[in-house]
Amino acid sequence: MEGVIIRQLQDTEADAVAVHQIARAAFRHLAGTPAEAPDDITRTVHHRARTRHLVQTDPEGCWIAEQDGEPVGCALSMRREGVWILTLFTVLPSAQGKGVGRLLLERAAAYGRGCLRGMLCASPSPAAARRYRAAGFTLHPTMRLTGPVDRSGLQDPGDIPVHPGNATHRHLLDSVDRRLRGAAHGPDHEFMLAHYDELLIADTLAGSGYCYRDGGGVKLLAATSKRIATRLLREALARVPDGEDALVEFLTAEQEWAVDVGLEVGLSLDTRGYLALRGMRPPTPYIPSGGLL
């Protein structure tokens, strides 16, 4: 590890670009995607903006490793009301197996010292799974739903109204978050409202819930009952633009209600990655955000 420096990330475009380049190279290598494949511009913008958002809200939880002046790894984490959340942890293939990841994770984990609960969405990487298990996380295998939406499979929505949400609904959002995962998303809702296509809200006497959608992706869904969650997911899938595939990720076995909705509208189901939790059970009904949990 000669020449390796671990430093705190700065709220600069240069650091945001460096984090994106590390993640891009590492995850493309894991997926077997050619390095020269074109980038999704929207995803690139979101990724860089999320990095700067986290550096602003949780500077002591965000770290980058540099070797001989070149970025080779990063770890981004945050604390939300007693829950420590690792949102990104990755090392370039060329720097793996040299202790860089261990040092990064130690720095990020130190920021979560005192938090009784922990969450992260893990890739299928065997090395990552070993590292998270060694850190005391329970690994819950997850499923994902992908493909075009067969609109003929969208059932009658019933009597639960769903309407667009905005910043005035923060109290509802935080209340649902606390009930399901023991912590509000807080300032992360400001980021999601600014960067995702829409927020959907269901608020009835019987309960409440919300869902973020961006293009074909269901980014985050939380509700106080499976009935409300099912209604929100159907509405989100109904709003997927024509010609775009839907994507619903990180579904644990507790989210069979979501699997059923996806299969009803013709989506394909496969397994990928883990929801890793410490000191807590999988929230339900809940679909986590891969980047903000």
# chains A, B, ... in the order shown; residues from 1 in each chain; ligands from 1
$ residues_around --residues "Asp242 in chain A" --least-positions-apart "4" --cutoff "10 Å" --atoms "only C-alpha atoms" --output "NGL selection string"
:A and (148-149 or 215-216 or 238)
$ write_last_selection --atoms "N, CA and C atoms" --output "mmCIF file, in the first residue's frame"
data_model
loop_
_atom_site.group_PDB
_atom_site.id
_atom_site.type_symbol
_atom_site.label_atom_id
_atom_site.label_comp_id
_atom_site.auth_asym_id
_atom_site.auth_seq_id
_atom_site.Cartn_x
_atom_site.Cartn_y
_atom_site.Cartn_z
ATOM 1 N N PRO A 148 -40.404 -4.471 -19.835
ATOM 2 C CA PRO A 148 -41.512 -3.579 -20.201
ATOM 3 C C PRO A 148 -42.764 -3.897 -19.391
ATOM 4 N N VAL A 149 -43.547 -2.871 -19.111
ATOM 5 C CA VAL A 149 -44.770 -3.037 -18.326
ATOM 6 C C VAL A 149 -45.919 -3.439 -19.246
ATOM 7 N N GLY A 215 -37.978 7.851 -14.339
ATOM 8 C CA GLY A 215 -38.009 7.069 -15.563
ATOM 9 C C GLY A 215 -38.737 5.766 -15.307
ATOM 10 N N GLY A 216 -38.074 4.647 -15.604
ATOM 11 C CA GLY A 216 -38.676 3.344 -15.337
ATOM 12 C C GLY A 216 -38.345 2.792 -13.966
ATOM 13 N N ALA A 238 -47.557 2.100 -13.664
ATOM 14 C CA ALA A 238 -48.456 2.621 -14.691
ATOM 15 C C ALA A 238 -47.911 3.902 -15.308
#
$ residues_around --residues "range 274-276 of chain A" --least-positions-apart "6" --cutoff "6 Å" --atoms "only C-alpha atoms" --output "list in words"
Met119, Leu120, Cys121, Ala122, Phe137, Thr138, Leu139, His140, Pro141 and Thr142 of chain A
$ write_last_selection --atoms "N, CA, C and O atoms" --output "tab-separated table (two decimals), in the first residue's frame"
chain	number	residue	atom	x	y	z
A	119	MET	N	-27.45	-0.23	7.68
A	119	MET	CA	-28.08	-0.66	6.43
A	119	MET	C	-27.12	-0.41	5.26
A	119	MET	O	-26.37	0.57	5.26
A	120	LEU	N	-27.19	-1.28	4.27
A	120	LEU	CA	-26.52	-1.03	3.00
A	120	LEU	C	-27.07	-1.98	1.94
A	120	LEU	O	-27.58	-3.05	2.26
A	121	CYS	N	-27.02	-1.54	0.69
A	121	CYS	CA	-27.37	-2.39	-0.44
A	121	CYS	C	-26.07	-2.87	-1.06
A	121	CYS	O	-25.23	-2.06	-1.47
A	122	ALA	N	-25.88	-4.20	-1.11
A	122	ALA	CA	-24.61	-4.77	-1.55
A	122	ALA	C	-24.72	-5.37	-2.95
A	122	ALA	O	-25.75	-5.95	-3.31
A	137	PHE	N	-22.96	-7.73	9.59
A	137	PHE	CA	-24.22	-7.53	8.88
A	137	PHE	C	-24.85	-8.88	8.51
A	137	PHE	O	-24.15	-9.83	8.15
A	138	THR	N	-26.18	-8.95	8.61
A	138	THR	CA	-26.92	-10.09	8.10
A	138	THR	C	-27.23	-9.82	6.63
A	138	THR	O	-27.75	-8.76	6.28
A	139	LEU	N	-26.89	-10.77	5.77
A	139	LEU	CA	-27.07	-10.59	4.33
A	139	LEU	C	-28.40	-11.20	3.90
A	139	LEU	O	-28.60	-12.42	3.96
A	140	HIS	N	-29.31	-10.36	3.44
A	140	HIS	CA	-30.61	-10.80	2.95
A	140	HIS	C	-30.57	-10.79	1.42
A	140	HIS	O	-30.53	-9.71	0.82
A	141	PRO	N	-30.55	-11.98	0.77
A	141	PRO	CA	-30.53	-12.00	-0.69
A	141	PRO	C	-31.71	-11.23	-1.27
A	141	PRO	O	-32.82	-11.27	-0.71
A	142	THR	N	-31.47	-10.52	-2.36
A	142	THR	CA	-32.52	-9.69	-2.94
A	142	THR	C	-32.83	-10.07	-4.37
A	142	THR	O	-32.00	-10.63	-5.08
$ closest_residue --among "A:Gln255, A:Thr204, A:Ser94, A:Thr146" --to "His163 in chain A" --atoms "only C-alpha atoms"
A:Thr204
$ closest_residue --among "A:His171, A:Pro161, A:Leu263, A:Thr284" --to "Glu235 in chain A" --atoms "only C-alpha atoms"
A:Pro161
$ closest_residue --among "A:Gly153, A:Gly112, A:Pro164, A:Gly69" --to "Ile85 in chain A" --atoms "only C-alpha atoms"
A:Gly112
$ closest_residue --among "A:Val176, A:Met192, A:Ala75, A:Val218" --to "His46 in chain A" --atoms "only C-alpha atoms"
A:Met192
$ residues_around --residues "Phe27 in chain A" --least-positions-apart "6" --cutoff "12 Å" --atoms "only C-alpha atoms" --output "ChimeraX atom specification"
/A:20-21,33-35,88-93,122-125
$ select_by_dssp --residues "range 10-174 of chain A" --states "alpha helix (DSSP H)" --output "NGL selection string"
:A and (13-31 or 41-57 or 100-111 or 126-134 or 170-174)
$ atom_distance --atom1 "CA of Ala49 in chain A" --atom2 "CA of Gly279 in chain A"
29.7 Å
$ residues_around --residues "Asp260 in chain A" --least-positions-apart "6" --cutoff "12 Å" --atoms "only C-alpha atoms" --output "mmCIF file with C-alpha atoms, in the first residue's frame"
data_model
loop_
_atom_site.group_PDB
_atom_site.id
_atom_site.type_symbol
_atom_site.label_atom_id
_atom_site.label_comp_id
_atom_site.auth_asym_id
_atom_site.auth_seq_id
_atom_site.Cartn_x
_atom_site.Cartn_y
_atom_site.Cartn_z
ATOM 1 C CA ARG A 144 -35.140 -7.454 -8.902
ATOM 2 C CA LEU A 145 -37.927 -6.969 -11.430
ATOM 3 C CA GLY A 153 -51.956 -6.494 -16.085
ATOM 4 C CA LEU A 154 -52.567 -3.295 -14.110
ATOM 5 C CA GLN A 155 -55.521 -4.093 -11.898
ATOM 6 C CA LYS A 226 -49.091 -3.834 2.092
ATOM 7 C CA ALA A 229 -47.721 -0.218 -0.850
ATOM 8 C CA THR A 230 -49.308 -2.351 -3.578
ATOM 9 C CA LEU A 233 -46.280 0.357 -6.807
ATOM 10 C CA ARG A 234 -49.022 -0.237 -9.377
ATOM 11 C CA LEU A 251 -36.602 -6.859 -2.887
ATOM 12 C CA ALA A 253 -38.362 -12.240 0.636
ATOM 13 C CA GLU A 254 -40.478 -10.002 2.884
ATOM 14 C CA GLY A 266 -45.131 -9.067 -17.056
ATOM 15 C CA LEU A 267 -41.819 -8.077 -15.469
ATOM 16 C CA SER A 268 -39.009 -10.615 -15.251
ATOM 17 C CA LEU A 269 -37.689 -11.714 -11.865
#
